[in-house]
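This is input-v8.txt. It holds compact mmCIF, C-alpha atoms.
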# COMPACT_ATOMS: atom_id res chain seq x y z
CA MET A 1 120.04 93.81 102.28
CA LEU A 2 120.75 96.72 99.95
CA SER A 3 121.74 100.09 101.36
CA LEU A 4 121.41 103.59 99.94
CA ALA A 5 123.79 105.26 102.35
CA MET A 6 126.12 106.10 99.48
CA ARG A 7 123.35 107.18 97.10
CA SER A 8 125.40 109.97 95.56
CA CYS A 9 127.88 107.43 94.23
CA TRP A 10 125.37 105.66 92.05
CA CYS A 11 124.41 106.33 88.49
CA LEU A 12 120.71 106.47 87.79
CA VAL A 13 120.38 103.44 85.54
CA ALA A 14 116.99 102.49 84.14
CA LEU A 15 117.26 98.82 84.93
CA ALA A 16 113.68 97.70 84.92
CA ALA A 17 113.95 96.95 81.21
CA ALA A 18 117.55 95.73 81.49
CA VAL A 19 116.58 93.18 84.12
CA VAL A 20 114.64 91.33 81.57
CA ALA A 21 115.91 93.22 78.64
CA CYS A 22 104.79 111.12 122.88
CA GLY A 23 103.43 110.04 126.07
CA GLU A 24 103.02 106.74 127.88
CA THR A 25 99.63 105.13 128.45
CA THR A 26 98.84 102.00 130.42
CA ASP A 27 95.29 100.91 129.69
CA ILE A 28 93.45 98.28 127.67
CA VAL A 29 96.21 98.42 125.20
CA GLY A 30 98.88 99.49 127.70
CA THR A 31 102.59 99.90 127.13
CA ARG A 32 105.48 99.36 126.24
CA SER A 33 108.37 98.14 124.40
CA SER A 34 110.21 94.96 123.86
CA THR A 35 113.00 95.11 121.32
CA THR A 36 112.32 91.58 120.12
CA PRO A 37 111.86 92.11 116.40
CA VAL A 38 110.63 89.51 113.99
CA GLU A 39 113.05 87.95 111.52
CA THR A 40 112.03 87.60 107.91
CA PRO A 41 111.93 83.94 106.91
CA PRO A 42 114.65 83.13 104.37
CA ASP A 43 114.21 82.45 100.66
CA GLN A 44 111.66 85.17 99.88
CA ASP A 45 113.37 85.87 96.54
CA VAL A 46 111.28 84.23 93.81
CA LEU A 47 112.53 86.26 90.83
CA ASP A 48 114.94 83.47 89.97
CA ASP A 49 111.86 81.81 88.44
CA VAL A 50 112.12 84.44 85.67
CA GLY A 51 115.90 84.64 85.49
CA VAL A 52 116.45 87.80 87.54
CA THR A 53 119.55 87.55 89.71
CA GLU A 54 119.82 88.99 93.19
CA GLU A 55 122.24 91.65 91.94
CA GLU A 56 119.94 92.64 89.07
CA ALA A 57 116.98 92.92 91.43
CA GLU A 58 118.89 95.14 93.84
CA MET A 59 120.08 97.37 90.99
CA ALA A 60 116.50 97.68 89.69
CA ILE A 61 115.29 98.67 93.18
CA ARG A 62 118.04 101.27 93.46
CA SER A 63 117.12 102.72 90.06
CA ALA A 64 113.42 102.86 90.94
CA TYR A 65 114.19 104.54 94.24
CA GLU A 66 116.47 107.10 92.61
CA GLN A 67 113.91 107.91 89.94
CA LEU A 68 110.86 108.12 92.19
CA PHE A 69 112.61 110.18 94.85
CA PHE A 70 115.23 112.20 92.95
CA GLY A 71 114.37 112.03 89.24
CA ASP A 72 112.81 114.68 87.03
CA PRO A 73 110.36 116.55 89.29
CA ASP A 74 107.82 117.01 86.52
CA THR A 75 107.62 113.48 85.16
CA GLN A 76 109.44 111.09 87.52
CA ALA A 77 109.96 112.16 91.14
CA ILE A 78 107.26 112.23 93.80
CA TYR A 79 109.47 113.18 96.76
CA ARG A 80 109.69 116.91 97.49
CA ALA A 81 112.27 118.33 99.88
CA VAL A 82 111.12 121.31 101.98
CA GLY A 83 113.92 123.40 103.42
CA ASP A 84 116.76 121.61 105.14
CA ASP A 85 114.84 119.36 107.50
CA ALA A 86 111.57 118.21 105.91
CA GLY A 87 109.99 116.63 102.85
CA TYR A 88 106.84 114.89 101.63
CA ILE A 89 105.60 112.47 98.98
CA GLU A 90 103.20 114.16 96.58
CA ASP A 91 100.22 112.41 95.08
CA VAL A 92 100.86 114.10 91.77
CA ASN A 93 97.49 113.05 90.38
CA TYR A 94 95.73 115.18 92.99
CA ASN A 95 98.55 117.59 93.90
CA ASP A 96 98.27 116.94 97.61
CA VAL A 97 99.91 114.97 100.41
CA ARG A 98 98.23 111.90 101.87
CA THR A 99 99.24 109.77 104.81
CA ASP A 100 99.28 106.65 102.62
CA ALA A 101 101.95 108.39 100.52
CA ILE A 102 103.92 109.24 103.65
CA GLY A 103 103.55 105.67 104.93
CA TYR A 104 104.80 104.15 101.68
CA GLY A 105 107.65 106.66 101.56
CA MET A 106 108.72 105.91 105.13
CA PHE A 107 108.48 102.18 104.55
CA VAL A 108 110.65 102.37 101.42
CA THR A 109 113.27 104.66 102.95
CA VAL A 110 113.76 102.48 106.03
CA GLN A 111 114.13 99.44 103.78
CA VAL A 112 116.80 101.12 101.64
CA ASP A 113 118.51 102.57 104.73
CA ASP A 114 118.03 106.23 103.82
CA ARG A 115 117.61 107.73 107.29
CA GLU A 116 117.95 111.30 106.08
CA VAL A 117 114.89 111.15 103.82
CA PHE A 118 112.96 109.05 106.35
CA ASP A 119 113.52 111.69 109.04
CA LYS A 120 112.50 114.49 106.69
CA LEU A 121 109.25 112.72 105.78
CA TRP A 122 108.38 112.16 109.43
CA THR A 123 109.34 115.75 110.33
CA TRP A 124 106.91 117.13 107.71
CA THR A 125 104.19 114.74 108.83
CA LYS A 126 104.51 115.63 112.50
CA ARG A 127 104.61 119.32 111.66
CA TYR A 128 101.45 119.42 109.54
CA MET A 129 99.46 116.20 109.95
CA LEU A 130 99.80 115.17 113.60
CA MET A 131 96.96 116.56 115.72
CA THR A 132 97.98 117.45 119.25
CA ALA A 133 94.77 118.62 120.94
CA PRO A 134 91.69 116.66 122.08
CA PRO A 135 89.51 115.09 120.85
CA ARG A 136 91.91 114.12 118.02
CA LYS A 137 95.17 114.10 119.94
CA GLY A 138 97.67 111.66 118.44
CA LEU A 139 95.77 111.14 115.17
CA LEU A 140 97.18 111.96 111.73
CA ARG A 141 95.16 114.07 109.30
CA TRP A 142 94.79 111.82 106.26
CA SER A 143 95.42 114.59 103.71
CA CYS A 144 96.80 118.12 103.43
CA SER A 145 97.77 120.49 100.67
CA THR A 146 101.43 120.50 99.69
CA GLU A 147 101.78 123.65 101.83
CA GLY A 148 100.48 121.79 104.89
CA THR A 149 97.13 123.61 104.86
CA ASP A 150 93.52 122.60 104.10
CA CYS A 151 93.98 119.38 106.05
CA ALA A 152 91.32 116.75 106.64
CA SER A 153 90.08 116.25 110.19
CA SER A 154 90.05 112.44 110.27
CA ALA A 155 92.77 109.78 110.19
CA ALA A 156 92.97 106.81 107.79
CA THR A 157 93.67 103.46 109.40
CA ASP A 158 95.62 101.89 106.55
CA ALA A 159 98.06 104.78 106.25
CA THR A 160 98.55 105.13 109.98
CA SER A 161 99.30 101.40 110.16
CA PHE A 162 102.03 101.70 107.53
CA ILE A 163 103.54 104.68 109.35
CA VAL A 164 103.51 102.90 112.72
CA THR A 165 105.18 99.83 111.25
CA SER A 166 107.79 101.98 109.53
CA LEU A 167 108.60 103.77 112.78
CA TYR A 168 109.14 100.48 114.62
CA LEU A 169 111.30 99.28 111.72
CA ALA A 170 113.30 102.50 112.00
CA GLN A 171 113.83 101.92 115.71
CA ALA A 172 115.07 98.40 114.97
CA LYS A 173 117.43 99.60 112.24
CA TRP A 174 118.71 102.93 113.56
CA GLY A 175 117.90 103.05 117.27
CA ASP A 176 118.53 106.49 118.72
CA ALA A 177 120.72 107.68 115.86
CA GLY A 178 118.02 109.59 113.98
CA ALA A 179 116.22 112.90 114.38
CA HIS A 180 113.20 111.36 116.14
CA ASP A 181 112.37 108.95 118.92
CA TYR A 182 110.87 106.44 116.52
CA GLU A 183 109.52 104.01 119.06
CA ALA A 184 107.88 106.67 121.21
CA ASP A 185 106.28 108.24 118.14
CA ALA A 186 104.96 104.87 116.98
CA ASN A 187 103.48 104.26 120.40
CA THR A 188 101.82 107.68 120.36
CA LEU A 189 100.04 106.77 117.14
CA VAL A 190 99.03 103.29 118.30
CA ASP A 191 97.68 104.66 121.57
CA ALA A 192 95.53 107.16 119.66
CA MET A 193 94.21 104.38 117.43
CA VAL A 194 92.78 102.45 120.36
CA LEU A 195 92.46 104.86 123.30
CA THR A 196 90.86 107.96 121.79
CA GLU A 197 87.35 107.15 123.00
CA GLU A 198 88.58 106.35 126.50
CA ARG A 199 90.54 109.60 126.67
CA ASN A 200 87.56 111.62 125.43
CA GLY A 201 85.02 109.86 127.64
CA GLY A 202 83.23 108.45 124.60
CA ILE A 203 82.46 109.72 121.10
CA VAL A 204 83.19 113.44 120.90
CA ASP A 205 82.84 115.51 117.71
CA ALA A 206 82.31 112.26 115.73
CA VAL A 207 85.78 111.02 116.67
CA GLN A 208 86.13 107.29 117.38
CA ASN A 209 88.83 104.71 117.91
CA MET A 210 90.43 103.47 114.70
CA PHE A 211 89.95 99.90 115.97
CA ASP A 212 86.81 98.20 117.15
CA ILE A 213 88.18 97.15 120.54
CA GLY A 214 85.67 94.36 121.11
CA ALA A 215 86.00 92.82 117.64
CA ARG A 216 89.78 93.45 117.54
CA LEU A 217 89.36 94.72 113.97
CA PRO A 218 90.37 97.96 112.24
CA ARG A 219 87.89 100.57 111.12
CA LYS A 220 88.18 102.73 108.01
CA THR A 221 88.95 105.98 109.77
CA SER A 222 88.66 107.86 113.03
CA SER A 223 85.30 109.34 111.99
CA THR A 224 81.92 107.93 112.99
CA ASN A 225 80.46 109.50 109.82
CA ASP A 226 81.90 106.71 107.65
CA GLU A 227 79.77 103.86 106.39
CA PRO A 228 80.03 100.79 108.63
CA TYR A 229 81.74 98.67 105.98
CA LEU A 230 85.45 97.95 106.12
CA PHE A 231 87.89 98.35 103.25
CA THR A 232 89.36 94.89 102.74
CA ASP A 233 92.84 96.25 102.03
CA TYR A 234 92.89 98.01 105.42
CA VAL A 235 93.18 94.63 107.21
CA MET A 236 96.89 94.12 108.02
CA PRO A 237 97.36 91.16 110.40
CA ALA A 238 101.13 90.82 109.97
CA PHE A 239 101.59 94.42 111.10
CA TYR A 240 99.54 93.91 114.26
CA ASP A 241 101.57 90.81 115.04
CA TYR A 242 104.73 92.88 114.59
CA TRP A 243 103.43 95.61 116.90
CA SER A 244 102.93 93.02 119.62
CA LYS A 245 106.70 92.57 119.72
CA TRP A 246 107.13 96.21 120.69
CA ARG A 247 104.24 96.67 123.13
CA THR A 248 104.60 94.05 125.82
CA GLU A 249 101.73 95.09 128.13
CA ASP A 250 99.14 94.94 125.36
CA ALA A 251 100.84 92.30 123.24
CA GLN A 252 97.89 89.95 123.73
CA PHE A 253 95.49 92.53 122.29
CA TRP A 254 97.57 92.86 119.14
CA LEU A 255 98.04 89.11 118.80
CA GLU A 256 94.26 88.75 119.02
CA ALA A 257 93.82 91.58 116.49
CA ALA A 258 96.22 89.78 114.15
CA GLU A 259 94.29 86.52 114.49
CA ALA A 260 90.90 88.20 114.02
CA SER A 261 92.21 89.94 110.91
CA ARG A 262 93.66 86.74 109.47
CA ASN A 263 90.31 85.04 110.01
CA LEU A 264 88.59 87.93 108.22
CA LEU A 265 90.95 87.81 105.24
CA ARG A 266 90.33 84.07 104.91
CA THR A 267 86.65 84.73 104.21
CA ALA A 268 86.92 87.96 102.20
CA SER A 269 87.36 86.42 98.74
CA VAL A 270 84.56 85.39 96.43
CA ALA A 271 84.56 81.60 96.53
CA GLY A 272 84.64 80.68 92.85
CA ASN A 273 87.03 83.16 91.28
CA GLY A 274 89.06 84.56 94.19
CA LEU A 275 88.14 88.17 93.42
CA ILE A 276 88.40 90.40 96.48
CA PRO A 277 85.57 92.84 97.19
CA LEU A 278 86.65 96.42 97.85
CA GLU A 279 84.46 96.59 100.96
CA ILE A 280 83.30 93.87 103.31
CA GLU A 281 80.96 93.31 106.19
CA SER A 282 82.39 92.39 109.59
CA ASP A 283 81.91 88.68 108.74
CA GLY A 284 83.93 89.00 105.52
CA SER A 285 80.97 88.96 103.14
CA PRO A 286 80.96 91.60 100.38
CA ALA A 287 79.30 94.92 101.09
CA PRO A 288 76.42 95.77 98.74
CA THR A 289 77.31 96.62 95.11
CA VAL A 290 81.08 96.63 95.67
CA ASP A 291 83.40 95.02 93.16
CA TYR A 292 87.05 94.01 92.67
CA TYR A 293 88.28 97.51 92.06
CA ASP A 294 91.76 98.30 90.71
CA GLU A 295 94.70 98.30 93.09
CA ARG A 296 92.38 99.15 95.98
CA SER A 297 91.15 95.57 96.18
CA ALA A 298 94.52 94.18 95.12
CA ARG A 299 96.37 95.86 97.98
CA THR A 300 94.93 92.99 100.01
CA LEU A 301 97.40 90.79 98.12
CA LEU A 302 100.29 92.74 99.63
CA ASN A 303 98.80 92.27 103.09
CA ARG A 304 98.63 88.53 102.37
CA TRP A 305 102.27 88.62 101.28
CA PHE A 306 103.24 90.13 104.64
CA CYS A 307 101.32 87.32 106.37
CA HIS A 308 103.20 84.80 104.25
CA ALA A 309 106.64 86.37 104.73
CA TRP A 310 106.48 87.57 108.33
CA THR A 311 104.24 84.99 110.04
CA GLY A 312 103.80 82.20 107.50
CA PRO A 313 103.64 80.11 105.58
CA HIS A 314 99.85 79.93 105.69
CA PRO A 315 98.04 77.39 103.48
CA TRP A 316 95.00 79.69 103.20
CA VAL A 317 97.17 82.41 101.64
CA TYR A 318 98.38 79.94 99.02
CA ALA A 319 94.86 78.74 98.28
CA LEU A 320 93.29 82.19 97.93
CA ASN A 321 96.13 83.59 95.85
CA GLU A 322 96.11 80.61 93.50
CA ARG A 323 92.33 80.88 93.08
CA LEU A 324 92.59 84.53 92.03
CA LEU A 325 95.63 84.04 89.79
CA ASP A 326 93.98 81.08 88.07
CA PHE A 327 91.00 83.31 87.28
CA LEU A 328 93.20 86.14 86.00
CA SER A 329 95.25 83.72 83.90
CA GLU A 330 92.10 82.62 82.06
CA GLN A 331 91.15 86.14 80.97
CA ASP A 332 91.48 87.10 77.31
CA LEU A 333 92.03 90.69 78.43
CA LEU A 334 93.70 91.12 81.81
CA VAL A 335 92.42 94.26 83.54
CA SER A 336 92.47 95.52 87.10
CA SER A 337 88.73 95.82 87.76
CA TYR A 338 86.01 93.17 87.63
CA TYR A 339 82.50 92.67 88.83
CA LEU A 340 82.50 89.98 91.49
CA THR A 341 80.77 87.69 89.02
CA GLY A 342 83.96 87.77 86.94
CA LYS A 343 82.68 90.13 84.25
CA VAL A 344 85.24 92.70 83.08
CA ARG A 345 84.62 96.11 84.63
CA GLY A 346 87.29 98.23 82.94
CA ASP A 347 89.74 98.22 80.06
CA ARG A 348 93.17 98.68 81.65
CA ASN A 349 95.58 96.90 83.95
CA THR A 350 97.28 99.47 86.15
CA VAL A 351 100.95 99.12 87.03
CA ALA A 352 99.99 98.97 90.70
CA HIS A 353 97.64 96.05 90.04
CA LEU A 354 100.25 94.30 87.91
CA ALA A 355 102.80 94.66 90.71
CA LEU A 356 100.45 93.47 93.44
CA THR A 357 99.50 90.34 91.53
CA ALA A 358 103.23 89.53 91.47
CA THR A 359 103.23 89.53 95.29
CA ALA A 360 100.36 87.05 95.10
CA ALA A 361 102.40 84.84 92.77
CA ALA A 362 105.26 84.99 95.27
CA ALA A 363 102.98 83.61 97.98
CA THR A 364 101.79 80.43 96.26
CA GLU A 365 102.73 76.81 96.75
CA ASP A 366 104.34 76.61 93.31
CA THR A 367 105.69 80.02 92.34
CA ALA A 368 107.04 78.73 89.02
CA ALA A 369 103.48 77.94 87.93
CA TYR A 370 102.63 81.65 88.21
CA ALA A 371 105.89 82.98 86.81
CA SER A 372 104.07 85.05 84.16
CA PHE A 373 102.94 87.47 86.88
CA LEU A 374 106.52 87.78 88.13
CA GLN A 375 107.74 88.22 84.56
CA ALA A 376 105.26 91.05 84.01
CA LEU A 377 106.66 92.91 87.01
CA ALA A 378 110.25 92.31 85.91
CA ASP A 379 109.42 93.62 82.43
CA GLN A 380 107.61 96.72 83.72
CA PRO A 381 109.47 100.04 83.31
CA ILE A 382 109.63 102.34 86.32
CA PRO A 383 106.35 104.31 86.31
CA GLU A 384 106.33 107.90 85.12
CA GLY A 385 103.62 110.48 84.52
CA ASP A 386 100.47 111.41 86.40
CA ARG A 387 99.98 107.99 88.04
CA ARG A 388 103.59 107.59 89.15
CA TYR A 389 102.80 108.04 92.85
CA TYR A 390 100.46 105.09 93.35
CA ASP A 391 101.82 102.95 90.55
CA GLY A 392 105.40 103.79 91.44
CA MET A 393 105.28 103.14 95.16
CA LEU A 394 103.39 99.85 94.85
CA TYR A 395 105.72 98.82 92.01
CA LEU A 396 108.75 99.50 94.21
CA ILE A 397 107.39 97.83 97.36
CA SER A 398 106.21 94.81 95.35
CA PHE A 399 109.60 94.49 93.66
CA MET A 400 111.25 94.59 97.09
CA ALA A 401 108.88 91.90 98.33
CA VAL A 402 109.27 89.38 95.52
CA SER A 403 113.07 89.83 95.42
CA GLY A 404 113.56 89.22 99.15
CA ASN A 405 114.51 92.81 99.91
CA ILE A 406 112.08 93.58 102.74
CA ASP A 407 113.61 93.33 106.18
CA ALA A 408 111.14 92.61 108.97
CA GLY A 409 113.00 94.54 111.61
CA THR A 410 116.03 92.57 112.66
CA PRO A 411 118.39 95.05 114.38
Would you write out, as structure tokens, the structure that this file holds?
Amino acid sequence: MLSLAMRSCWCLVALAAAVVACGETTDIVGTRSSTTPVETPPDQDVLDDVGVTEEEAEMAIRSAYEQLFFGDPDTQAIYRAVGDDAGYIEDVNYNDVRTDAIGYGMFVTVQVDDREVFDKLWTWTKRYMLMTAPPRKGLLRWSCSTEGTDCASSAATDATSFIVTSLYLAQAKWGDAGAHDYEADANTLVDAMVLTEERNGGIVDAVQNMFDIGARLPRKTSSTNDEPYLFTDYVMPAFYDYWSKWRTEDAQFWLEAAEASRNLLRTASVAGNGLIPLEIESDGSPAPTVDYYDERSARTLLNRWFCHAWTGPHPWVYALNERLLDFLSEQDLLVSSYYLTGKVRGDRNTVAHLALTATAAAATEDTAAYASFLQALADQPIPEGDRRYYDGMLYLISFMAVSGNIDAGTP
């Protein structure tokens, strides 16, 4: 695995082109930890199908990390240091801080072994986004201004899930060496996701659990004011399976949540073309008038990749990915949004969508047959400009995935 511990020794080389050119609770979801991490299955690197060596891939990842975190602040970087002990990832398109940005930033920094930046991100998040009083105790405000003000009152399930997983990964990698008790903080967030209603004696101030306890499925947010549909890309079965390794007394709950989520993802694609609806009903059928929409739908492909890499292989992942990629391969104009009928909905293919389809190609039975999607990622320059947060982070995480540079938590 690559390490960024000696970051200051590296030159910032633009290699993308060169590559190819706190408390304990014991309830329904109880406690507590087992340090029995999951090992990533070997041979996740599929970039050899397009002639990218392991060394070239690692250099490209280093360059992307350097640029997105420490490049030109106006056109390249999205990481902002605050004082000596904190920092955040800015969604530069909206000039705010969102928990999905924090989650991606924490996930990337633990993978590249940059504990200093990881700790600063989590310090800022705990300082401004973590709610400490009932009825929202333990939940993370999903957005704040860059000053840590004007924060939302509800928590987003997808972002919280990425942050929880990153904290457990940090515990596996760094133990007690960092500025935080990573495992305890992860458990605080997980407890809030499933025990909020029990703690509050029911629904209070429109605050609900972030999981439907009976169905073992995630909800959109902690607010009862949301529509009842579920965002497909919020379903993250490999993460729930991973959490079960850390929470022995409720491991069965999380194993059941992982299985329920895998079953849901199996049915959430449109049969003929493999397009993934942005929102789904609890049985996996599309919600009304919702289409395959940019990287929002395609983030489901990354969740499938985690299933493939951390708990697979799964034949259903292969089948669904191949169905979608076959459809996309047949298009005269490849874009990132379609009506579920297959009709083109937009006129652009975002970098994030391009990168996520590469993770789908990496989780197929014959990766060489879908090498064009891997080639597109290898050819893609590191994102800059107004969309560099979303495009950049999903580009970097996808590149890590398809090159075998995501560690699933082996100490």
task: Determine the nearest neighbour of Ala86 of chain A from the options A:Asn321, A:Gln375, A:Thr196, A:Thr123, counting only C-alpha atoms.
output: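 The shortest atom-to-atom distance to Ala86 of chain A comes from A:Thr123.
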Taken to one decimal, the atom CA of Tyr292 of chain A-atom CA of Arg262 of chain A distance is 19.5 Å
Cut-off 10 Å around (108.4, 116.4, 108.6) with only C-alpha atoms: residues as a PyMOL selection string:
chain A and resi 81-82+85-88+102+117-129
With distances taken over only C-alpha atoms, the candidate from A:Ala378, A:Leu68, A:Val50, A:Ala408 nearest Thr311 of chain A is A:Ala408
Using 10 Å as the limit and counting only C-alpha atoms, can you tabulate each residue of segment 263-304 of chain A that touches segment 211-229 of chain A, with its shortest atom-to-atom distance in Å and the two atoms involved, as CSV?
residue,atom,partner,partner_atom,distance
A:Leu264,CA,A:Leu217,CA,8.9
A:Leu278,CA,A:Tyr229,CA,9.8
A:Glu279,CA,A:Tyr229,CA,6.1
A:Ile280,CA,A:Tyr229,CA,5.7
A:Glu281,CA,A:Tyr229,CA,5.4
A:Ser282,CA,A:Tyr229,CA,7.3
A:Gly284,CA,A:Tyr229,CA,9.9
A:Pro286,CA,A:Tyr229,CA,9.1
A:Ala287,CA,A:Tyr229,CA,6.6
A:Pro288,CA,A:Tyr229,CA,9.4
Could you give me the axis-aligned bounding box of segment 368-377 of chain A, with 3 Å of padding per side, as centre plus edge lengths in Å to one decimal, as lines of an AutoDock Vina configuration file?
center_x = 105.2
center_y = 85.4
center_z = 86.5
size_x = 11.1
size_y = 21.0
size_z = 11.0
re atom CA of Arg199 of chain A and atom CA of Asp100 of chain A: distance 25.8 Å
Set the distance at 10 Å and use all atoms listed in the file: which residues neighbour Leu325 of chain A once local chain neighbours fewer than 5 positions away are removed? I'd like the list as a PyMOL selection string.
chain A and resi 273-275+320+330+357-358+360-361+364+370+373
Excluding Leu167 of chain A and its own-chain neighbours fewer than 6 positions away, which residues fall within 10 Å of it when counting all atoms listed in the file? Please give them as a short mmCIF file (atom, residue, chain, number, x, y, z; two decimals) with C-alpha atoms, in the coordinates of the input.
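Printed below is part-v7.cif as written:
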data_model
loop_
_atom_site.label_atom_id
_atom_site.label_comp_id
_atom_site.auth_asym_id
_atom_site.auth_seq_id
_atom_site.Cartn_x
_atom_site.Cartn_y
_atom_site.Cartn_z
CA GLY A 103 103.55 105.67 104.93
CA MET A 106 108.72 105.91 105.13
CA PHE A 107 108.48 102.18 104.55
CA VAL A 110 113.76 102.48 106.03
CA PHE A 118 112.96 109.05 106.35
CA TRP A 122 108.38 112.16 109.43
CA SER A 161 99.30 101.40 110.16
CA LYS A 173 117.43 99.60 112.24
CA HIS A 180 113.20 111.36 116.14
CA ASP A 181 112.37 108.95 118.92
CA TYR A 182 110.87 106.44 116.52
CA GLU A 183 109.52 104.01 119.06
CA ALA A 184 107.88 106.67 121.21
CA ASP A 185 106.28 108.24 118.14
CA ALA A 186 104.96 104.87 116.98
CA ASN A 187 103.48 104.26 120.40
#
Using only C-alpha atoms, the shortest atom-to-atom distance to Tyr339 of chain A among A:Gly392, A:Pro381, A:Pro277, A:Pro313 belongs to A:Pro277
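In this model, the gap between atom CA of Ser398 of chain A and atom CA of Ser269 of chain A comes to 20.9 Å.
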